[in-house]
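As provided, final.pdb (PDB, C-alpha atoms) reads as follows.
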```pdb
ATOM      1  CA  MET A   1     -38.008  26.539 289.564
ATOM      2  CA  LYS A   2     -34.706  25.070 290.119
ATOM      3  CA  PRO A   3     -31.652  26.799 288.861
ATOM      4  CA  SER A   4     -30.521  23.681 287.040
ATOM      5  CA  SER A   5     -33.826  23.322 285.191
ATOM      6  CA  MET A   6     -33.780  26.988 284.334
ATOM      7  CA  LEU A   7     -30.250  26.674 283.091
ATOM      8  CA  SER A   8     -31.202  23.638 281.103
ATOM      9  CA  ARG A   9     -34.185  25.446 279.616
ATOM     10  CA  LEU A  10     -31.974  28.444 278.747
ATOM     11  CA  ARG A  11     -29.464  26.203 277.048
ATOM     12  CA  GLN A  12     -32.215  24.483 275.148
ATOM     13  CA  SER A  13     -33.701  27.826 274.212
ATOM     14  CA  ARG A  14     -30.276  29.046 273.080
ATOM     15  CA  ARG A  15     -29.784  25.921 271.011
ATOM     16  CA  THR A  16     -33.217  26.301 269.485
ATOM     17  CA  SER A  17     -32.529  29.962 268.742
ATOM     18  CA  LEU A  18     -29.178  29.144 267.178
ATOM     19  CA  THR A  19     -30.720  26.370 265.144
ATOM     20  CA  LEU A  20     -33.502  28.653 264.053
ATOM     21  CA  PHE A  21     -30.939  31.363 263.248
ATOM     22  CA  ALA A  22     -28.827  28.899 261.238
ATOM     23  CA  ILE A  23     -31.875  27.744 259.292
ATOM     24  CA  THR A  24     -32.941  31.335 258.656
ATOM     25  CA  LEU A  25     -29.397  32.294 257.607
ATOM     26  CA  GLY A  26     -29.233  29.306 255.272
ATOM     27  CA  ALA A  27     -32.585  30.246 253.755
ATOM     28  CA  LEU A  28     -31.360  33.820 253.314
ATOM     29  CA  VAL A  29     -28.174  32.622 251.568
ATOM     30  CA  VAL A  30     -30.233  30.349 249.284
ATOM     31  CA  ALA A  31     -32.650  33.225 248.523
ATOM     32  CA  ALA A  32     -29.731  35.595 247.778
ATOM     33  CA  ALA A  33     -28.159  33.031 245.423
ATOM     34  CA  TRP A  34     -31.519  32.494 243.729
ATOM     35  CA  PHE A  35     -32.006  36.293 243.416
ATOM     36  CA  LEU A  36     -28.576  36.749 241.822
ATOM     37  CA  GLY A  37     -29.295  33.931 239.395
ATOM     38  CA  ALA A  38     -32.719  35.347 238.581
ATOM     39  CA  ARG A  39     -31.248  38.826 238.049
ATOM     40  CA  SER A  40     -28.636  37.375 235.690
ATOM     41  CA  SER A  41     -31.338  35.437 233.841
ATOM     42  CA  LEU A  42     -33.422  38.615 233.567
ATOM     43  CA  ALA A  43     -30.462  40.505 232.073
ATOM     44  CA  ASP A  44     -29.947  37.647 229.580
ATOM     45  CA  ALA A  45     -33.648  37.696 228.708
ATOM     46  CA  TYR A  46     -33.514  41.466 228.077
ATOM     47  CA  GLN A  47     -30.460  40.989 225.876
ATOM     48  CA  ARG A  48     -32.196  38.245 223.882
ATOM     49  CA  LEU A  49     -35.281  40.468 223.579
ATOM     50  CA  GLY A  50     -33.123  43.328 222.279
ATOM     51  CA  ASN A  51     -31.468  41.013 219.764
ATOM     52  CA  ARG A  52     -34.846  39.694 218.626
ATOM     53  CA  ASN A  53     -36.243  43.240 218.288
ATOM     54  CA  GLN A  54     -33.224  44.280 216.247
ATOM     55  CA  ALA A  55     -33.592  41.208 214.026
ATOM     56  CA  LEU A  56     -37.296  42.003 213.645
ATOM     57  CA  SER A  57     -36.629  45.588 212.590
ATOM     58  CA  GLU A  58     -33.961  44.434 210.118
ATOM     59  CA  ALA A  59     -36.399  41.902 208.690
ATOM     60  CA  GLN A  60     -39.046  44.611 208.350
ATOM     61  CA  VAL A  61     -36.575  46.817 206.477
ATOM     62  CA  ARG A  62     -35.680  43.944 204.162
ATOM     63  CA  GLU A  63     -39.387  43.237 203.631
ATOM     64  CA  GLN A  64     -40.009  46.896 202.721
ATOM     65  CA  GLU A  65     -37.044  46.831 200.323
ATOM     66  CA  ALA A  66     -38.406  43.665 198.728
ATOM     67  CA  ARG A  67     -41.838  45.270 198.317
ATOM     68  CA  LEU A  68     -40.251  48.314 196.704
ATOM     69  CA  ARG A  69     -38.297  46.064 194.344
ATOM     70  CA  VAL A  70     -41.488  44.248 193.393
ATOM     71  CA  GLU A  71     -43.255  47.560 192.750
ATOM     72  CA  TYR A  72     -40.268  48.767 190.734
ATOM     73  CA  ALA A  73     -40.252  45.560 188.674
ATOM     74  CA  GLN A  74     -43.991  45.828 188.016
ATOM     75  CA  SER A  75     -43.609  49.479 187.014
ATOM     76  CA  ALA A  76     -40.706  48.622 184.708
ATOM     77  CA  LYS A  77     -42.733  45.802 183.148
ATOM     78  CA  GLN A  78     -45.659  48.164 182.522
ATOM     79  CA  LEU A  79     -43.305  50.727 181.019
ATOM     80  CA  VAL A  80     -41.720  48.158 178.699
ATOM     81  CA  THR A  81     -45.177  46.942 177.652
ATOM     82  CA  ALA A  82     -46.306  50.510 176.907
ATOM     83  CA  ALA A  83     -43.099  51.229 174.988
ATOM     84  CA  GLN A  84     -43.517  48.095 172.895
ATOM     85  CA  ALA A  85     -47.141  49.015 172.219
ATOM     86  CA  HIS A  86     -45.911  52.338 170.806
ATOM     87  CA  GLY A  87     -43.204  50.725 168.693
ATOM     88  CA  LEU A  88     -40.271  51.506 170.972
ATOM     89  CA  GLN A  89     -38.611  48.113 171.009
ATOM     90  CA  PRO A  90     -35.233  48.276 172.748
ATOM     91  CA  ASP A  91     -33.487  46.356 169.967
ATOM     92  CA  ALA A  92     -34.617  48.958 167.395
ATOM     93  CA  TRP A  93     -32.801  51.821 169.134
ATOM     94  CA  GLY A  94     -29.165  52.695 169.703
ATOM     95  CA  GLU A  95     -27.635  55.033 172.268
ATOM     96  CA  ARG A  96     -24.774  57.499 172.129
ATOM     97  CA  LEU A  97     -23.508  59.427 175.107
ATOM     98  CA  ILE A  98     -22.697  63.073 174.443
ATOM     99  CA  ASN A  99     -20.353  64.861 176.812
ATOM    100  CA  LEU A 100     -19.148  68.358 175.890
ATOM    101  CA  ARG A 101     -17.796  70.471 178.738
ATOM    102  CA  GLN A 102     -17.456  74.161 178.113
ATOM    103  CA  SER A 103     -16.483  73.593 174.507
ATOM    104  CA  GLN A 104     -16.006  76.776 172.517
ATOM    105  CA  MET A 105     -17.425  76.808 168.993
ATOM    106  CA  GLY A 106     -18.798  79.214 166.446
ATOM    107  CA  ARG A 107     -22.491  80.105 166.275
ATOM    108  CA  GLU A 108     -23.103  78.095 163.092
ATOM    109  CA  GLU A 109     -21.385  75.038 164.516
ATOM    110  CA  ALA A 110     -23.365  75.320 167.784
ATOM    111  CA  ALA A 111     -26.655  75.718 165.864
ATOM    112  CA  SER A 112     -25.808  72.672 163.755
ATOM    113  CA  LEU A 113     -24.946  70.573 166.830
ATOM    114  CA  LEU A 114     -28.094  71.603 168.697
ATOM    115  CA  GLY A 115     -30.156  70.823 165.586
ATOM    116  CA  ALA A 116     -28.577  67.349 165.460
ATOM    117  CA  VAL A 117     -29.713  66.507 168.993
ATOM    118  CA  GLY A 118     -33.216  67.884 168.469
ATOM    119  CA  ARG A 119     -36.082  65.465 168.913
ATOM    120  CA  ASP A 120     -37.892  63.961 165.953
ATOM    121  CA  SER A 121     -39.372  60.585 165.048
ATOM    122  CA  ASP A 122     -35.935  58.969 164.695
ATOM    123  CA  ARG A 123     -34.100  60.364 167.714
ATOM    124  CA  ILE A 124     -34.660  61.428 171.309
ATOM    125  CA  PHE A 125     -32.130  63.326 173.396
ATOM    126  CA  GLY A 126     -32.206  63.184 177.191
ATOM    127  CA  ALA A 127     -30.076  66.015 178.532
ATOM    128  CA  GLU A 128     -28.431  65.738 181.927
ATOM    129  CA  ALA A 129     -26.685  69.100 181.598
ATOM    130  CA  PHE A 130     -27.094  71.939 179.112
ATOM    131  CA  GLU A 131     -25.526  75.381 179.150
ATOM    132  CA  LEU A 132     -25.015  77.774 176.268
ATOM    133  CA  SER A 133     -23.363  81.132 176.855
ATOM    134  CA  VAL A 134     -21.430  83.894 175.103
ATOM    135  CA  THR A 135     -17.734  84.333 175.750
ATOM    136  CA  HIS A 136     -17.555  88.076 175.080
ATOM    137  CA  PRO A 137     -19.478  90.490 177.364
ATOM    138  CA  ASP A 138     -20.481  92.803 174.478
ATOM    139  CA  GLU A 139     -22.252  90.074 172.510
ATOM    140  CA  GLY A 140     -25.693  88.639 173.115
ATOM    141  CA  LEU A 141     -26.715  85.029 172.860
ATOM    142  CA  PHE A 142     -29.621  85.722 170.496
ATOM    143  CA  ASP A 143     -28.159  88.748 168.669
ATOM    144  CA  THR A 144     -25.525  88.402 165.987
ATOM    145  CA  PRO A 145     -22.549  90.680 166.559
ATOM    146  CA  ASP A 146     -22.465  93.883 164.469
ATOM    147  CA  ALA A 147     -18.743  94.513 164.702
ATOM    148  CA  VAL A 148     -17.095  94.389 161.268
ATOM    149  CA  ASP A 149     -13.603  94.986 162.640
ATOM    150  CA  ARG A 150     -13.470  91.642 164.470
ATOM    151  CA  ALA A 151     -14.923  88.151 164.078
ATOM    152  CA  PRO A 152     -17.734  87.064 166.402
ATOM    153  CA  SER A 153     -16.536  85.457 169.628
ATOM    154  CA  PRO A 154     -17.210  81.738 170.028
ATOM    155  CA  LEU A 155     -20.021  80.404 172.193
ATOM    156  CA  SER A 156     -19.368  78.193 175.216
ATOM    157  CA  LEU A 157     -21.426  74.991 175.144
ATOM    158  CA  THR A 158     -21.819  72.365 177.843
ATOM    159  CA  LEU A 159     -23.963  69.440 176.760
ATOM    160  CA  ARG A 160     -24.170  66.078 178.497
ATOM    161  CA  GLY A 161     -26.761  63.368 177.988
ATOM    162  CA  SER A 162     -27.899  60.350 175.974
ATOM    163  CA  LEU A 163     -28.967  60.476 172.357
ATOM    164  CA  LEU A 164     -31.273  57.598 171.438
ATOM    165  CA  PHE A 165     -31.574  56.986 167.717
ATOM    166  CA  ARG A 166     -33.602  54.547 165.656
ATOM    167  CA  THR A 167     -31.523  51.710 164.186
ATOM    168  CA  ALA A 168     -34.381  49.739 162.642
ATOM    169  CA  ALA A 169     -37.711  50.685 161.139
ATOM    170  CA  THR A 170     -40.656  49.804 163.383
ATOM    171  CA  GLY A 171     -44.320  50.412 162.922
ATOM    172  CA  GLY A 172     -46.161  52.754 165.249
ATOM    173  CA  GLY A 173     -43.099  54.475 166.742
ATOM    174  CA  ALA A 174     -43.891  57.847 165.236
ATOM    175  CA  ALA A 175     -47.201  58.086 167.070
ATOM    176  CA  LEU A 176     -45.359  58.574 170.356
ATOM    177  CA  LEU A 177     -43.400  61.620 169.244
ATOM    178  CA  PRO A 178     -45.354  64.888 168.812
ATOM    179  CA  GLU A 179     -43.281  66.203 165.865
ATOM    180  CA  ALA A 180     -44.247  63.223 163.769
ATOM    181  CA  ALA A 181     -47.989  63.474 164.433
ATOM    182  CA  PRO A 182     -50.123  64.360 161.343
TER     183      PRO A 182
END
```

Show me the file's structure as C-alpha coordinates.
Amino acid sequence: MKPSSMLSRLRQSRRTSLTLFAITLGALVVAAAWFLGARSSLADAYQRLGNRNQALSEAQVREQEARLRVEYAQSAKQLVTAAQAHGLQPDAWGERLINLRQSQMGREEAASLLGAVGRDSDRIFGAEAFELSVTHPDEGLFDTPDAVDRAPSPLSLTLRGSLLFRTAATGGGAALLPEAAP
(Lines of atoms letter the chains of each structure in order from A and count residues from 1; the text may use other names and numbers.)
(Lines give C-alpha, C1' and ligand atoms only; values in the text may rest on other atoms or scores of the structure.)
Protein backbone atom coordinates (compact mmCIF):
# COMPACT_ATOMS: atom_id res chain seq x y z
CA MET A 1 0.00 0.00 0.00
CA LYS A 2 1.07 3.43 -0.68
CA PRO A 3 1.71 5.78 2.15
CA SER A 4 -0.63 8.35 0.66
CA SER A 5 -3.51 5.87 0.40
CA MET A 6 -2.85 4.69 3.91
CA LEU A 7 -2.80 8.25 5.12
CA SER A 8 -5.98 8.94 3.25
CA ARG A 9 -7.62 5.86 4.74
CA LEU A 10 -6.47 6.89 8.23
CA ARG A 11 -7.89 10.35 7.77
CA GLN A 12 -11.13 8.89 6.53
CA SER A 13 -11.19 6.47 9.42
CA ARG A 14 -10.51 9.33 11.85
CA ARG A 15 -13.29 11.37 10.31
CA THR A 16 -15.66 8.43 10.49
CA SER A 17 -14.67 7.81 14.10
CA LEU A 18 -15.16 11.46 14.99
CA THR A 19 -18.49 11.53 13.22
CA LEU A 20 -19.53 8.37 14.97
CA PHE A 21 -18.31 9.81 18.28
CA ALA A 22 -20.23 13.06 17.68
CA ILE A 23 -23.39 11.13 16.86
CA THR A 24 -22.96 8.93 19.93
CA LEU A 25 -22.26 11.98 22.12
CA GLY A 26 -25.34 13.73 20.74
CA ALA A 27 -27.45 10.65 21.41
CA LEU A 28 -26.06 10.48 24.95
CA VAL A 29 -26.90 14.17 25.56
CA VAL A 30 -30.43 13.63 24.20
CA ALA A 31 -30.84 10.50 26.38
CA ALA A 32 -29.57 12.39 29.47
CA ALA A 33 -32.01 15.25 28.81
CA TRP A 34 -34.84 12.76 28.32
CA PHE A 35 -33.85 10.94 31.55
CA LEU A 36 -33.85 14.18 33.55
CA GLY A 37 -37.24 15.09 32.14
CA ALA A 38 -38.60 11.62 32.86
CA ARG A 39 -37.24 11.73 36.42
CA SER A 40 -38.90 15.12 36.96
CA SER A 41 -42.16 13.78 35.52
CA LEU A 42 -41.92 10.75 37.81
CA ALA A 43 -41.46 13.00 40.86
CA ASP A 44 -44.50 15.05 39.75
CA ALA A 45 -46.52 11.86 39.27
CA TYR A 46 -45.59 10.68 42.79
CA GLN A 47 -46.60 14.06 44.19
CA ARG A 48 -49.94 13.93 42.38
CA LEU A 49 -50.44 10.36 43.63
CA GLY A 50 -49.73 11.48 47.20
CA ASN A 51 -52.18 14.36 46.85
CA ARG A 52 -54.83 12.04 45.43
CA ASN A 53 -54.28 9.50 48.23
CA GLN A 54 -54.58 12.24 50.83
CA ALA A 55 -57.78 13.52 49.19
CA LEU A 56 -59.09 9.94 49.12
CA SER A 57 -58.42 9.40 52.81
CA GLU A 58 -60.04 12.74 53.67
CA ALA A 59 -63.07 11.78 51.60
CA GLN A 60 -63.27 8.43 53.38
CA VAL A 61 -63.18 10.20 56.75
CA ARG A 62 -65.94 12.56 55.64
CA GLU A 63 -67.95 9.59 54.37
CA GLN A 64 -67.57 7.82 57.73
CA GLU A 65 -68.62 11.00 59.55
CA ALA A 66 -71.66 11.29 57.29
CA ARG A 67 -72.60 7.67 57.98
CA LEU A 68 -72.29 8.26 61.71
CA ARG A 69 -74.48 11.36 61.42
CA VAL A 70 -77.09 9.36 59.53
CA GLU A 71 -77.01 6.63 62.19
CA TYR A 72 -77.25 9.27 64.91
CA ALA A 73 -80.22 10.92 63.18
CA GLN A 74 -81.99 7.57 62.78
CA SER A 75 -81.34 6.73 66.43
CA ALA A 76 -82.63 10.14 67.52
CA LYS A 77 -85.73 9.69 65.37
CA GLN A 78 -86.40 6.27 66.93
CA LEU A 79 -85.91 7.73 70.39
CA VAL A 80 -88.31 10.60 69.72
CA THR A 81 -90.88 8.15 68.32
CA ALA A 82 -90.56 5.92 71.40
CA ALA A 83 -90.82 8.93 73.72
CA GLN A 84 -93.95 10.16 71.96
CA ALA A 85 -95.44 6.67 72.14
CA HIS A 86 -94.98 6.80 75.93
CA GLY A 87 -96.45 10.28 76.24
CA LEU A 88 -93.18 12.18 76.56
CA GLN A 89 -93.85 14.96 74.09
CA PRO A 90 -91.12 17.60 74.26
CA ASP A 91 -93.62 20.46 74.39
CA ALA A 92 -95.24 18.97 77.52
CA TRP A 93 -92.04 19.17 79.57
CA GLY A 94 -89.95 22.01 80.95
CA GLU A 95 -86.34 21.99 82.10
CA ARG A 96 -84.53 23.67 84.97
CA LEU A 97 -80.81 23.48 85.50
CA ILE A 98 -79.72 22.96 89.10
CA ASN A 99 -76.20 23.93 90.08
CA LEU A 100 -75.25 23.87 93.77
CA ARG A 101 -71.54 23.72 94.55
CA GLN A 102 -70.57 22.75 98.05
CA SER A 103 -73.54 24.56 99.52
CA GLN A 104 -73.88 24.18 103.27
CA MET A 105 -77.39 23.59 104.60
CA GLY A 106 -79.15 21.95 107.50
CA ARG A 107 -80.25 18.31 107.40
CA GLU A 108 -83.95 19.16 107.06
CA GLU A 109 -83.28 21.59 104.23
CA ALA A 110 -81.06 19.04 102.43
CA ALA A 111 -83.70 16.30 102.85
CA SER A 112 -86.37 18.64 101.48
CA LEU A 113 -84.22 19.60 98.47
CA LEU A 114 -83.32 15.99 97.67
CA GLY A 115 -87.00 15.05 97.96
CA ALA A 116 -87.87 17.82 95.48
CA VAL A 117 -85.55 16.41 92.82
CA GLY A 118 -86.70 12.83 93.35
CA ARG A 119 -88.23 11.07 90.38
CA ASP A 120 -91.97 10.60 90.05
CA SER A 121 -94.53 10.73 87.26
CA ASP A 122 -94.25 14.51 86.92
CA ARG A 123 -90.49 15.04 87.13
CA ILE A 124 -87.20 13.41 86.19
CA PHE A 125 -83.81 14.56 87.44
CA GLY A 126 -80.63 13.78 85.51
CA ALA A 127 -77.67 14.36 87.80
CA GLU A 128 -74.29 15.27 86.38
CA ALA A 129 -72.70 15.64 89.81
CA PHE A 130 -73.91 14.69 93.28
CA GLU A 131 -72.03 14.79 96.57
CA LEU A 132 -73.43 14.92 100.08
CA SER A 133 -71.08 15.02 103.05
CA VAL A 134 -70.87 16.06 106.70
CA THR A 135 -68.86 19.10 107.69
CA HIS A 136 -67.97 17.98 111.22
CA PRO A 137 -65.77 14.87 111.69
CA ASP A 138 -67.72 13.66 114.76
CA GLU A 139 -71.06 13.49 112.94
CA GLY A 140 -72.28 10.81 110.58
CA LEU A 141 -74.21 11.31 107.39
CA PHE A 142 -76.99 8.89 108.37
CA ASP A 143 -76.91 9.43 112.15
CA THR A 144 -78.43 12.47 113.79
CA PRO A 145 -76.04 14.18 116.19
CA ASP A 146 -76.60 13.46 119.90
CA ALA A 147 -74.87 16.53 121.26
CA VAL A 148 -77.29 18.76 123.19
CA ASP A 149 -74.67 21.41 123.92
CA ARG A 150 -74.31 22.43 120.27
CA ALA A 151 -76.47 22.53 117.14
CA PRO A 152 -75.86 19.94 114.42
CA SER A 153 -73.28 20.98 111.83
CA PRO A 154 -74.57 21.71 108.33
CA LEU A 155 -74.19 19.24 105.48
CA SER A 156 -72.20 20.07 102.35
CA LEU A 157 -74.19 19.44 99.16
CA THR A 158 -73.00 19.54 95.57
CA LEU A 159 -75.78 18.94 93.07
CA ARG A 160 -75.62 19.68 89.36
CA GLY A 161 -77.98 18.47 86.66
CA SER A 162 -81.25 18.99 84.77
CA LEU A 163 -84.68 18.70 86.32
CA LEU A 164 -87.35 17.90 83.74
CA PHE A 165 -90.88 18.60 84.91
CA ARG A 166 -94.27 18.11 83.31
CA THR A 167 -95.88 21.36 82.13
CA ALA A 168 -98.94 19.83 80.48
CA ALA A 169 -101.04 16.77 81.16
CA THR A 170 -100.47 13.99 78.61
CA GLY A 171 -101.91 10.55 78.42
CA GLY A 172 -99.68 7.53 78.84
CA GLY A 173 -96.68 9.34 80.36
CA ALA A 174 -96.98 7.65 83.72
CA ALA A 175 -96.47 4.20 82.23
CA LEU A 176 -92.82 5.02 81.55
CA LEU A 177 -91.95 5.86 85.14
CA PRO A 178 -91.77 2.94 87.61
CA GLU A 179 -93.08 4.90 90.64
CA ALA A 180 -96.34 5.58 88.87
CA ALA A 181 -96.98 1.97 87.83
CA PRO A 182 -100.04 0.32 89.50

*When the PyMOL selection byres ((chain A and resi 141) around 12) is applied to the file above, which residues end up in the set, as a list of chain:residue names?*
A:Gly106, A:Arg107, A:Ala110, A:Ala111, A:Glu131, A:Leu132, A:Ser133, A:Val134, A:Thr135, A:His136, A:Pro137, A:Asp138, A:Glu139, A:Gly140, A:Phe142, A:Asp143, A:Thr144, A:Pro145, A:Pro152, A:Ser153, A:Pro154, A:Leu155, A:Ser156, A:Leu157

Please report, as JSON lines, each residue of range 5-102 of chain A lying at most 12 Å from range 162-168 of chain A, together with the nearest pair of atoms and the separation in Å rounded to one decimal; use only C-alpha atoms, and order rows by chain and ascending residue number.
```
{"residue": "A:Gly87", "atom": "CA", "partner": "A:Ala168", "partner_atom": "CA", "distance": 10.7}
{"residue": "A:Leu88", "atom": "CA", "partner": "A:Arg166", "partner_atom": "CA", "distance": 9.1}
{"residue": "A:Gln89", "atom": "CA", "partner": "A:Ala168", "partner_atom": "CA", "distance": 9.5}
{"residue": "A:Pro90", "atom": "CA", "partner": "A:Arg166", "partner_atom": "CA", "distance": 9.6}
{"residue": "A:Asp91", "atom": "CA", "partner": "A:Ala168", "partner_atom": "CA", "distance": 8.1}
{"residue": "A:Ala92", "atom": "CA", "partner": "A:Ala168", "partner_atom": "CA", "distance": 4.8}
{"residue": "A:Trp93", "atom": "CA", "partner": "A:Arg166", "partner_atom": "CA", "distance": 4.5}
{"residue": "A:Gly94", "atom": "CA", "partner": "A:Phe165", "partner_atom": "CA", "distance": 5.3}
{"residue": "A:Glu95", "atom": "CA", "partner": "A:Leu164", "partner_atom": "CA", "distance": 4.5}
{"residue": "A:Arg96", "atom": "CA", "partner": "A:Leu163", "partner_atom": "CA", "distance": 5.1}
{"residue": "A:Leu97", "atom": "CA", "partner": "A:Ser162", "partner_atom": "CA", "distance": 4.6}
{"residue": "A:Ile98", "atom": "CA", "partner": "A:Ser162", "partner_atom": "CA", "distance": 6.1}
{"residue": "A:Asn99", "atom": "CA", "partner": "A:Ser162", "partner_atom": "CA", "distance": 8.8}
{"residue": "A:Leu100", "atom": "CA", "partner": "A:Ser162", "partner_atom": "CA", "distance": 11.9}
```

*Nearest residue to Leu159 in chain A from the set A:Ala127, A:Val80, A:Val61, A:Ala45 (distances using only C-alpha atoms)*: A:Ala127

Centre and size of axis-aligned box enclosing range 54-59 of chain A plus 5 Å each side, as JSON:
```
{"center_x": -35.3, "center_y": 43.4, "center_z": 212.5, "size_x": 14.1, "size_y": 14.4, "size_z": 17.6}
```

*What is the CA of Met105 in chain A to CA of Phe130 in chain A distance in Å?*
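Taking CA of Met105 in chain A as the start and CA of Phe130 in chain A as the end point, the length is 14.8 Å.
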
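Put simply, CA of Thr158 in chain A is 13.6 Å away from CA of Glu109 in chain A.
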
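Pairwise distance (CA of Gly126 in chain A, CA of Ala83 in chain A) equals 16.3 Å.
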
Got a moment to write range 61-105 of chain A out with N, CA and C atoms, as a CSV table (one decimal), in the first residue's frame?
```
chain,number,residue,atom,x,y,z
A,61,VAL,N,-62.9,9.7,55.4
A,61,VAL,CA,-63.2,10.2,56.8
A,61,VAL,C,-64.5,11.0,56.7
A,62,ARG,N,-64.7,11.8,55.7
A,62,ARG,CA,-65.9,12.6,55.6
A,62,ARG,C,-67.1,11.6,55.4
A,63,GLU,N,-66.9,10.6,54.6
A,63,GLU,CA,-68.0,9.6,54.4
A,63,GLU,C,-68.3,8.9,55.7
A,64,GLN,N,-67.3,8.5,56.5
A,64,GLN,CA,-67.6,7.8,57.7
A,64,GLN,C,-68.3,8.8,58.7
A,65,GLU,N,-67.9,10.0,58.7
A,65,GLU,CA,-68.6,11.0,59.6
A,65,GLU,C,-70.1,11.1,59.1
A,66,ALA,N,-70.3,11.2,57.8
A,66,ALA,CA,-71.7,11.3,57.3
A,66,ALA,C,-72.5,10.1,57.7
A,67,ARG,N,-71.9,8.9,57.6
A,67,ARG,CA,-72.6,7.7,58.0
A,67,ARG,C,-73.0,7.7,59.5
A,68,LEU,N,-72.0,8.2,60.3
A,68,LEU,CA,-72.3,8.3,61.7
A,68,LEU,C,-73.4,9.3,62.0
A,69,ARG,N,-73.4,10.4,61.2
A,69,ARG,CA,-74.5,11.4,61.4
A,69,ARG,C,-75.8,10.8,61.0
A,70,VAL,N,-75.8,10.0,60.0
A,70,VAL,CA,-77.1,9.4,59.5
A,70,VAL,C,-77.6,8.4,60.6
A,71,GLU,N,-76.6,7.6,61.1
A,71,GLU,CA,-77.0,6.6,62.2
A,71,GLU,C,-77.5,7.4,63.4
A,72,TYR,N,-76.8,8.5,63.8
A,72,TYR,CA,-77.2,9.3,64.9
A,72,TYR,C,-78.6,9.9,64.7
A,73,ALA,N,-78.9,10.3,63.5
A,73,ALA,CA,-80.2,10.9,63.2
A,73,ALA,C,-81.3,9.8,63.2
A,74,GLN,N,-81.0,8.7,62.7
A,74,GLN,CA,-82.0,7.6,62.8
A,74,GLN,C,-82.2,7.2,64.2
A,75,SER,N,-81.2,7.1,65.0
A,75,SER,CA,-81.3,6.7,66.4
A,75,SER,C,-82.2,7.8,67.2
A,76,ALA,N,-81.9,9.1,66.9
A,76,ALA,CA,-82.6,10.1,67.5
A,76,ALA,C,-84.1,10.1,67.1
A,77,LYS,N,-84.3,9.8,65.8
A,77,LYS,CA,-85.7,9.7,65.4
A,77,LYS,C,-86.5,8.5,66.1
A,78,GLN,N,-85.8,7.4,66.2
A,78,GLN,CA,-86.4,6.3,66.9
A,78,GLN,C,-86.7,6.6,68.4
A,79,LEU,N,-85.7,7.3,69.0
A,79,LEU,CA,-85.9,7.7,70.4
A,79,LEU,C,-87.1,8.7,70.6
A,80,VAL,N,-87.2,9.7,69.7
A,80,VAL,CA,-88.3,10.6,69.7
A,80,VAL,C,-89.6,9.9,69.5
A,81,THR,N,-89.7,8.9,68.6
A,81,THR,CA,-90.9,8.1,68.3
A,81,THR,C,-91.3,7.3,69.6
A,82,ALA,N,-90.3,6.7,70.2
A,82,ALA,CA,-90.6,5.9,71.4
A,82,ALA,C,-91.0,6.8,72.5
A,83,ALA,N,-90.4,8.0,72.7
A,83,ALA,CA,-90.8,8.9,73.7
A,83,ALA,C,-92.2,9.4,73.5
A,84,GLN,N,-92.6,9.7,72.3
A,84,GLN,CA,-93.9,10.2,72.0
A,84,GLN,C,-95.0,9.0,72.2
A,85,ALA,N,-94.5,7.8,71.9
A,85,ALA,CA,-95.4,6.7,72.1
A,85,ALA,C,-95.7,6.5,73.6
A,86,HIS,N,-94.8,6.9,74.5
A,86,HIS,CA,-95.0,6.8,75.9
A,86,HIS,C,-95.5,8.1,76.5
A,87,GLY,N,-95.9,9.0,75.7
A,87,GLY,CA,-96.5,10.3,76.2
A,87,GLY,C,-95.4,11.3,76.7
A,88,LEU,N,-94.2,11.2,76.2
A,88,LEU,CA,-93.2,12.2,76.6
A,88,LEU,C,-93.0,13.2,75.4
A,89,GLN,N,-94.0,13.9,75.1
A,89,GLN,CA,-93.8,15.0,74.1
A,89,GLN,C,-93.0,16.1,74.6
A,90,PRO,N,-92.0,16.5,73.8
A,90,PRO,CA,-91.1,17.6,74.3
A,90,PRO,C,-91.8,18.9,74.7
A,91,ASP,N,-92.9,19.2,74.0
A,91,ASP,CA,-93.6,20.5,74.4
A,91,ASP,C,-94.4,20.4,75.7
A,92,ALA,N,-94.5,19.2,76.3
A,92,ALA,CA,-95.2,19.0,77.5
A,92,ALA,C,-94.3,18.9,78.7
A,93,TRP,N,-93.0,19.2,78.5
A,93,TRP,CA,-92.0,19.2,79.6
A,93,TRP,C,-91.2,20.5,79.6
A,94,GLY,N,-90.8,20.9,80.8
A,94,GLY,CA,-90.0,22.0,81.0
A,94,GLY,C,-88.6,21.5,81.6
A,95,GLU,N,-87.6,22.4,81.6
A,95,GLU,CA,-86.3,22.0,82.1
A,95,GLU,C,-85.8,23.1,83.0
A,96,ARG,N,-85.2,22.7,84.1
A,96,ARG,CA,-84.5,23.7,85.0
A,96,ARG,C,-83.2,23.1,85.2
A,97,LEU,N,-82.2,23.9,85.2
A,97,LEU,CA,-80.8,23.5,85.5
A,97,LEU,C,-80.6,23.8,87.0
A,98,ILE,N,-80.0,22.8,87.7
A,98,ILE,CA,-79.7,23.0,89.1
A,98,ILE,C,-78.2,22.9,89.2
A,99,ASN,N,-77.6,23.9,89.9
A,99,ASN,CA,-76.2,23.9,90.1
A,99,ASN,C,-75.9,24.4,91.5
A,100,LEU,N,-75.7,23.5,92.4
A,100,LEU,CA,-75.3,23.9,93.8
A,100,LEU,C,-73.9,23.3,94.0
A,101,ARG,N,-72.9,24.2,94.4
A,101,ARG,CA,-71.5,23.7,94.6
A,101,ARG,C,-71.2,23.9,96.0
A,102,GLN,N,-71.0,22.8,96.7
A,102,GLN,CA,-70.6,22.7,98.1
A,102,GLN,C,-71.4,23.7,98.9
A,103,SER,N,-72.6,23.7,98.7
A,103,SER,CA,-73.5,24.6,99.5
A,103,SER,C,-73.7,23.9,100.9
A,104,GLN,N,-73.7,24.7,101.9
A,104,GLN,CA,-73.9,24.2,103.3
A,104,GLN,C,-75.3,24.5,103.7
A,105,MET,N,-76.0,23.4,104.2
A,105,MET,CA,-77.4,23.6,104.6
A,105,MET,C,-77.7,22.6,105.7
```
